[in-house]
Amino acid sequence: MKEQIQSTLKSNDTEEWLDTVWTRPIGYQWARFFNHFDIHPNTVTILSMIIGAVSALFFVHGSFRTEGMEGLIYNIIAVLLLAWANFYDSADGQLARMTGKKTQLGRILDGAAGDVWFIAIYVSIAVRFYIHHDMEFGWLGLEDTQQNAIVATLAFVALCFFSGIVCHAHQCGLSDYYRNIHLFFLKGKTGSELDNSVQQKALYDSTPWKGNLLWKAFLYTYVNYTKNQESQTPNFQRLMAKLKEKYGATENIPQSFREEFRTLSLPMMKWANILTFNTRAIALYISCLADVPWMYLAFEIVVMTSLYFYMRSTHESFCKKLLKTL
């Protein structure tokens, strides 16, 4: 069984410990279940989006300080639903590798799944704050008036927007990029999903609008996603341009250089994994169960953003050093 699960993973280098002992084994069983009924991996991804988004409805009413035991139960249901969505998010990729049903749409959907979950969750946290703002006003020393409630909620919404759209999006996008860069140097082009904006823009431009409205929308979003990844990694972009200039096709990059890059990139994988799902989900679970969901935003803005800048600085630094050796 262990070998079968292993065959559905991208690589040991990019796997997080918690995923290997918890998420992937459960995801593998779901992948087998879906494979038995010939369900496509993209369908599994869409199911994960729905379940993760639904969890936000329960997070809204999860305040045990005002709702008592009922609020605690809502919180627990929300946690279980988000964990279930994550199992499906693991299962879709495992199912795709198990069956060979890998598609460009699947790649885009898989990357969007977490965004769908957390956009809904950020909205739920903002609504939860508005409903239960009087609890926070107590220790802030604010009078519970309608005007204060509206002003405080708008400020909290702005904080959620910054935490989600700025911090979360950049953290997860760059982490995904670094893992695919690592897989590219470890396994080559076929073993990675390292895309670039030029190729994706060409695909977008060559796809007609007629009969492809939804697909064009996905491609447009993905072009911007890849552009954002590239804008954050100027030294890596220069390194890839130099490798292409010197060796032509990426398949001609010497194995010695690939191994050197892997050695320098491997320590980055632990930070990339921390910045994706498990760590932030645990922080979300704890803060919501403790009935202080704003603490999750503080954790994301301060702790996770600090790790993001450290990871980015370190990766850009060794790319710059490697560039000098070419």
# chains A, B, ... in the order shown; residues from 1 in each chain; ligands from 1
call {"tool": "residues_around", "arguments": {"residues": "stretch 224-233 of chain A", "least_positions_apart": "2", "cutoff": "9 Å", "atoms": "only C-alpha atoms", "output": "JSON, numbers by chain"}}
result
{"A": [170, 173, 174, 177, 195, 196, 197, 198, 200, 219, 220, 221, 222, 235, 236, 237, 238, 312, 315, 316]}
call {"tool": "closest_atom_pairs", "arguments": {"of": "stretch 224-292 of chain A", "to": "stretch 317-320 of chain A", "cutoff": "12 Å", "atoms": "only C-alpha atoms", "output": "tab-separated table"}}
result
residue	atom	partner	partner_atom	distance
A:Thr233	CA	A:Cys319	CA	9.3
A:Pro234	CA	A:Cys319	CA	9.4
A:Asn235	CA	A:Lys320	CA	5.7
A:Phe236	CA	A:Cys319	CA	5.6
A:Gln237	CA	A:Cys319	CA	9.0
A:Arg238	CA	A:Lys320	CA	8.4
A:Leu239	CA	A:Cys319	CA	6.5
A:Met240	CA	A:Cys319	CA	9.4
A:Ala241	CA	A:Cys319	CA	11.9
A:Lys242	CA	A:Cys319	CA	11.3
A:Leu243	CA	A:Cys319	CA	11.7
A:Phe257	CA	A:Cys319	CA	11.8
A:Glu260	CA	A:Phe318	CA	10.5
A:Phe261	CA	A:Cys319	CA	8.4
A:Arg262	CA	A:Phe318	CA	11.2
A:Thr263	CA	A:Phe318	CA	10.6
A:Leu264	CA	A:Phe318	CA	7.1
A:Ser265	CA	A:Phe318	CA	8.5
A:Leu266	CA	A:Phe318	CA	11.9
A:Pro267	CA	A:Phe318	CA	11.7
A:Met268	CA	A:Phe318	CA	11.0
call {"tool": "write_last_selection", "arguments": {"atoms": "N, CA and C atoms", "output": "PDB file, in the first residue's frame"}}
result
ATOM      1  N   THR A 233      10.126  36.988  -9.113  1.00  0.00           N
ATOM      2  CA  THR A 233      11.359  36.181  -9.175  1.00  0.00           C
ATOM      3  C   THR A 233      12.278  36.649 -10.298  1.00  0.00           C
ATOM      4  N   PRO A 234      12.731  37.897 -10.285  1.00  0.00           N
ATOM      5  CA  PRO A 234      13.557  38.414 -11.388  1.00  0.00           C
ATOM      6  C   PRO A 234      14.872  37.659 -11.587  1.00  0.00           C
ATOM      7  N   ASN A 235      15.541  37.282 -10.502  1.00  0.00           N
ATOM      8  CA  ASN A 235      16.816  36.572 -10.648  1.00  0.00           C
ATOM      9  C   ASN A 235      16.621  35.179 -11.236  1.00  0.00           C
ATOM     10  N   PHE A 236      15.544  34.512 -10.844  1.00  0.00           N
ATOM     11  CA  PHE A 236      15.271  33.203 -11.433  1.00  0.00           C
ATOM     12  C   PHE A 236      14.949  33.336 -12.914  1.00  0.00           C
ATOM     13  N   GLN A 237      14.220  34.389 -13.300  1.00  0.00           N
ATOM     14  CA  GLN A 237      13.909  34.601 -14.716  1.00  0.00           C
ATOM     15  C   GLN A 237      15.187  34.831 -15.522  1.00  0.00           C
ATOM     16  N   ARG A 238      16.129  35.575 -14.963  1.00  0.00           N
ATOM     17  CA  ARG A 238      17.415  35.796 -15.638  1.00  0.00           C
ATOM     18  C   ARG A 238      18.197  34.491 -15.752  1.00  0.00           C
ATOM     19  N   LEU A 239      18.124  33.680 -14.691  1.00  0.00           N
ATOM     20  CA  LEU A 239      18.814  32.388 -14.712  1.00  0.00           C
ATOM     21  C   LEU A 239      18.251  31.488 -15.804  1.00  0.00           C
ATOM     22  N   MET A 240      16.936  31.396 -15.929  1.00  0.00           N
ATOM     23  CA  MET A 240      16.317  30.560 -16.949  1.00  0.00           C
ATOM     24  C   MET A 240      16.632  31.078 -18.352  1.00  0.00           C
ATOM     25  N   ALA A 241      16.648  32.397 -18.518  1.00  0.00           N
ATOM     26  CA  ALA A 241      16.985  32.986 -19.826  1.00  0.00           C
ATOM     27  C   ALA A 241      18.416  32.635 -20.210  1.00  0.00           C
ATOM     28  N   LYS A 242      19.331  32.672 -19.232  1.00  0.00           N
ATOM     29  CA  LYS A 242      20.733  32.335 -19.491  1.00  0.00           C
ATOM     30  C   LYS A 242      20.894  30.858 -19.816  1.00  0.00           C
ATOM     31  N   LEU A 243      20.174  29.995 -19.111  1.00  0.00           N
ATOM     32  CA  LEU A 243      20.225  28.559 -19.388  1.00  0.00           C
ATOM     33  C   LEU A 243      19.712  28.256 -20.796  1.00  0.00           C
ATOM     34  N   PHE A 257      24.362  20.584 -13.052  1.00  0.00           N
ATOM     35  CA  PHE A 257      23.723  21.849 -12.693  1.00  0.00           C
ATOM     36  C   PHE A 257      22.374  21.596 -12.039  1.00  0.00           C
ATOM     37  N   GLU A 260      22.973  20.614  -8.497  1.00  0.00           N
ATOM     38  CA  GLU A 260      23.380  21.761  -7.681  1.00  0.00           C
ATOM     39  C   GLU A 260      22.170  22.626  -7.334  1.00  0.00           C
ATOM     40  N   PHE A 261      21.299  22.848  -8.317  1.00  0.00           N
ATOM     41  CA  PHE A 261      20.093  23.641  -8.059  1.00  0.00           C
ATOM     42  C   PHE A 261      19.203  22.933  -7.043  1.00  0.00           C
ATOM     43  N   ARG A 262      19.039  21.621  -7.193  1.00  0.00           N
ATOM     44  CA  ARG A 262      18.190  20.865  -6.260  1.00  0.00           C
ATOM     45  C   ARG A 262      18.714  20.987  -4.832  1.00  0.00           C
ATOM     46  N   THR A 263      20.028  20.911  -4.665  1.00  0.00           N
ATOM     47  CA  THR A 263      20.625  21.005  -3.337  1.00  0.00           C
ATOM     48  C   THR A 263      20.309  22.348  -2.678  1.00  0.00           C
ATOM     49  N   LEU A 264      20.375  23.419  -3.472  1.00  0.00           N
ATOM     50  CA  LEU A 264      20.113  24.746  -2.934  1.00  0.00           C
ATOM     51  C   LEU A 264      18.606  24.989  -2.742  1.00  0.00           C
ATOM     52  N   SER A 265      17.795  24.367  -3.591  1.00  0.00           N
ATOM     53  CA  SER A 265      16.351  24.576  -3.549  1.00  0.00           C
ATOM     54  C   SER A 265      15.653  23.736  -2.485  1.00  0.00           C
ATOM     55  N   LEU A 266      16.215  22.594  -2.152  1.00  0.00           N
ATOM     56  CA  LEU A 266      15.547  21.666  -1.239  1.00  0.00           C
ATOM     57  C   LEU A 266      15.163  22.296   0.104  1.00  0.00           C
ATOM     58  N   PRO A 267      16.041  23.085   0.747  1.00  0.00           N
ATOM     59  CA  PRO A 267      15.628  23.705   2.025  1.00  0.00           C
ATOM     60  C   PRO A 267      14.438  24.647   1.880  1.00  0.00           C
ATOM     61  N   MET A 268      14.210  25.157   0.667  1.00  0.00           N
ATOM     62  CA  MET A 268      13.086  26.070   0.435  1.00  0.00           C
ATOM     63  C   MET A 268      11.736  25.356   0.492  1.00  0.00           C
TER      64      MET A 268
END
call {"tool": "closest_residue", "arguments": {"among": "A:Phe161, A:Arg258, A:Asn75, A:Thr99", "to": "A:Leu183", "atoms": "only C-alpha atoms"}}
result
A:Arg258
call {"tool": "atom_distance", "arguments": {"atom1": "atom CA of A:Phe184", "atom2": "atom CA of A:Arg107"}}
result
15.5 Å
call {"tool": "closest_residue", "arguments": {"among": "A:Trp271, A:Gln6, A:Arg128, A:Lys102", "to": "A:Phe64", "atoms": "only C-alpha atoms"}}
result
A:Arg128
call {"tool": "residues_around", "arguments": {"residues": "A:Ala83", "least_positions_apart": "2", "cutoff": "12 Å", "atoms": "only C-alpha atoms", "output": "ChimeraX atom specification"}}
result
/A:19,22-23,26-27,48-49,51-55,76-81,85-90,114,117,277-278,281-282,284-285
call {"tool": "write_last_selection", "arguments": {"atoms": "N, CA and C atoms", "output": "mmCIF file, in the first residue's frame"}}
result
data_model
loop_
_atom_site.group_PDB
_atom_site.id
_atom_site.type_symbol
_atom_site.label_atom_id
_atom_site.label_comp_id
_atom_site.auth_asym_id
_atom_site.auth_seq_id
_atom_site.Cartn_x
_atom_site.Cartn_y
_atom_site.Cartn_z
ATOM 1 N N ASP A 19 1.335 15.838 5.360
ATOM 2 C CA ASP A 19 0.656 15.297 4.179
ATOM 3 C C ASP A 19 0.985 13.819 3.985
ATOM 4 N N TRP A 22 -0.888 11.804 6.770
ATOM 5 C CA TRP A 22 -2.309 12.049 7.001
ATOM 6 C C TRP A 22 -3.074 12.315 5.710
ATOM 7 N N THR A 23 -2.765 13.425 5.049
ATOM 8 C CA THR A 23 -3.562 13.847 3.894
ATOM 9 C C THR A 23 -3.450 12.894 2.715
ATOM 10 N N ILE A 26 -5.199 9.326 3.111
ATOM 11 C CA ILE A 26 -6.654 9.450 3.014
ATOM 12 C C ILE A 26 -7.057 9.872 1.607
ATOM 13 N N GLY A 27 -6.293 10.798 1.021
ATOM 14 C CA GLY A 27 -6.568 11.216 -0.345
ATOM 15 C C GLY A 27 -6.462 10.069 -1.332
ATOM 16 N N SER A 48 -14.266 19.660 -4.210
ATOM 17 C CA SER A 48 -13.480 20.222 -3.107
ATOM 18 C C SER A 48 -13.748 21.715 -2.966
ATOM 19 N N MET A 49 -13.918 22.406 -4.095
ATOM 20 C CA MET A 49 -14.242 23.834 -4.051
ATOM 21 C C MET A 49 -15.570 24.070 -3.330
ATOM 22 N N ILE A 51 -17.234 22.045 -1.201
ATOM 23 C CA ILE A 51 -17.188 21.683 0.219
ATOM 24 C C ILE A 51 -16.419 22.724 1.022
ATOM 25 N N GLY A 52 -15.284 23.183 0.493
ATOM 26 C CA GLY A 52 -14.491 24.188 1.194
ATOM 27 C C GLY A 52 -15.238 25.498 1.353
ATOM 28 N N ALA A 53 -15.966 25.899 0.300
ATOM 29 C CA ALA A 53 -16.744 27.146 0.369
ATOM 30 C C ALA A 53 -17.896 27.022 1.367
ATOM 31 N N VAL A 54 -18.515 25.856 1.411
ATOM 32 C CA VAL A 54 -19.627 25.632 2.351
ATOM 33 C C VAL A 54 -19.140 25.730 3.801
ATOM 34 N N SER A 55 -17.885 25.341 4.047
ATOM 35 C CA SER A 55 -17.355 25.422 5.414
ATOM 36 C C SER A 55 -17.444 26.844 5.952
ATOM 37 N N ILE A 76 -16.764 23.279 14.767
ATOM 38 C CA ILE A 76 -16.232 21.931 14.529
ATOM 39 C C ILE A 76 -16.666 21.425 13.155
ATOM 40 N N ILE A 77 -17.925 21.690 12.787
ATOM 41 C CA ILE A 77 -18.405 21.286 11.456
ATOM 42 C C ILE A 77 -17.600 21.998 10.370
ATOM 43 N N ALA A 78 -17.330 23.289 10.575
ATOM 44 C CA ALA A 78 -16.547 24.056 9.599
ATOM 45 C C ALA A 78 -15.152 23.463 9.425
ATOM 46 N N VAL A 79 -14.515 23.117 10.531
ATOM 47 C CA VAL A 79 -13.175 22.521 10.485
ATOM 48 C C VAL A 79 -13.204 21.193 9.732
ATOM 49 N N LEU A 80 -14.189 20.358 10.033
ATOM 50 C CA LEU A 80 -14.295 19.051 9.380
ATOM 51 C C LEU A 80 -14.554 19.195 7.884
ATOM 52 N N LEU A 81 -15.368 20.161 7.501
ATOM 53 C CA LEU A 81 -15.650 20.378 6.074
ATOM 54 C C LEU A 81 -14.409 20.855 5.333
ATOM 55 N N ALA A 85 -12.504 18.991 2.312
ATOM 56 C CA ALA A 85 -12.171 19.635 1.038
ATOM 57 C C ALA A 85 -10.686 19.428 0.716
ATOM 58 N N ASN A 86 -9.846 19.488 1.734
ATOM 59 C CA ASN A 86 -8.404 19.295 1.512
ATOM 60 C C ASN A 86 -8.082 17.863 1.100
ATOM 61 N N PHE A 87 -8.803 16.886 1.645
ATOM 62 C CA PHE A 87 -8.610 15.493 1.224
ATOM 63 C C PHE A 87 -8.942 15.344 -0.267
ATOM 64 N N TYR A 88 -10.016 15.997 -0.689
ATOM 65 C CA TYR A 88 -10.390 15.944 -2.107
ATOM 66 C C TYR A 88 -9.361 16.675 -2.968
ATOM 67 N N ASP A 89 -8.810 17.763 -2.435
ATOM 68 C CA ASP A 89 -7.785 18.508 -3.166
ATOM 69 C C ASP A 89 -6.533 17.655 -3.358
ATOM 70 N N SER A 90 -6.250 16.802 -2.400
ATOM 71 C CA SER A 90 -5.149 15.851 -2.543
ATOM 72 C C SER A 90 -5.534 14.725 -3.500
ATOM 73 N N GLY A 114 -7.956 26.291 -3.548
ATOM 74 C CA GLY A 114 -7.682 26.931 -2.266
ATOM 75 C C GLY A 114 -8.145 28.375 -2.224
ATOM 76 N N TRP A 117 -11.861 28.398 -1.474
ATOM 77 C CA TRP A 117 -12.128 28.140 -0.052
ATOM 78 C C TRP A 117 -11.914 29.395 0.777
ATOM 79 N N PHE A 277 -1.072 25.167 2.725
ATOM 80 C CA PHE A 277 -2.344 24.915 3.409
ATOM 81 C C PHE A 277 -2.231 24.546 4.876
ATOM 82 N N ASN A 278 -1.479 23.516 5.209
ATOM 83 C CA ASN A 278 -1.579 22.908 6.539
ATOM 84 C C ASN A 278 -1.364 23.887 7.685
ATOM 85 N N ALA A 281 -4.122 26.485 7.842
ATOM 86 C CA ALA A 281 -5.388 25.862 8.250
ATOM 87 C C ALA A 281 -5.404 25.612 9.754
ATOM 88 N N ILE A 282 -4.296 25.126 10.297
ATOM 89 C CA ILE A 282 -4.206 24.892 11.741
ATOM 90 C C ILE A 282 -4.378 26.207 12.502
ATOM 91 N N LEU A 284 -5.981 28.816 11.440
ATOM 92 C CA LEU A 284 -7.394 29.190 11.293
ATOM 93 C C LEU A 284 -8.264 28.397 12.257
ATOM 94 N N TYR A 285 -8.023 27.087 12.339
ATOM 95 C CA TYR A 285 -8.813 26.240 13.238
ATOM 96 C C TYR A 285 -8.691 26.715 14.683
#
call {"tool": "closest_residue", "arguments": {"among": "A:Val60, A:Leu82, A:Cys172, A:Ala112", "to": "A:Val127", "atoms": "only C-alpha atoms"}}
result
A:Val60
call {"tool": "atom_distance", "arguments": {"atom1": "atom CA of A:Tyr178", "atom2": "atom CA of A:Val302"}}
result
21.2 Å
call {"tool": "residues_around", "arguments": {"residues": "A:Glu251", "least_positions_apart": "6", "cutoff": "10 Å", "atoms": "only C-alpha atoms", "output": "ChimeraX atom specification"}}
result
/A:185,188-189,244
call {"tool": "write_last_selection", "arguments": {"atoms": "C-alpha atoms", "output": "compact mmCIF listing (two decimals), in the first residue's frame"}}
result
# COMPACT_ATOMS: atom_id res chain seq x y z
CA PHE A 185 15.19 20.63 -12.02
CA GLY A 188 12.54 17.69 -16.02
CA LYS A 189 9.74 19.32 -17.96
CA LYS A 244 18.09 28.73 -22.52
call {"tool": "select_by_dssp", "arguments": {"residues": "stretch 150-268 of chain A", "states": "alpha helix (DSSP H)", "output": "number ranges by chain"}}
result
A: 150-161, 169-187, 197-206, 213-231, 234-247, 255-268
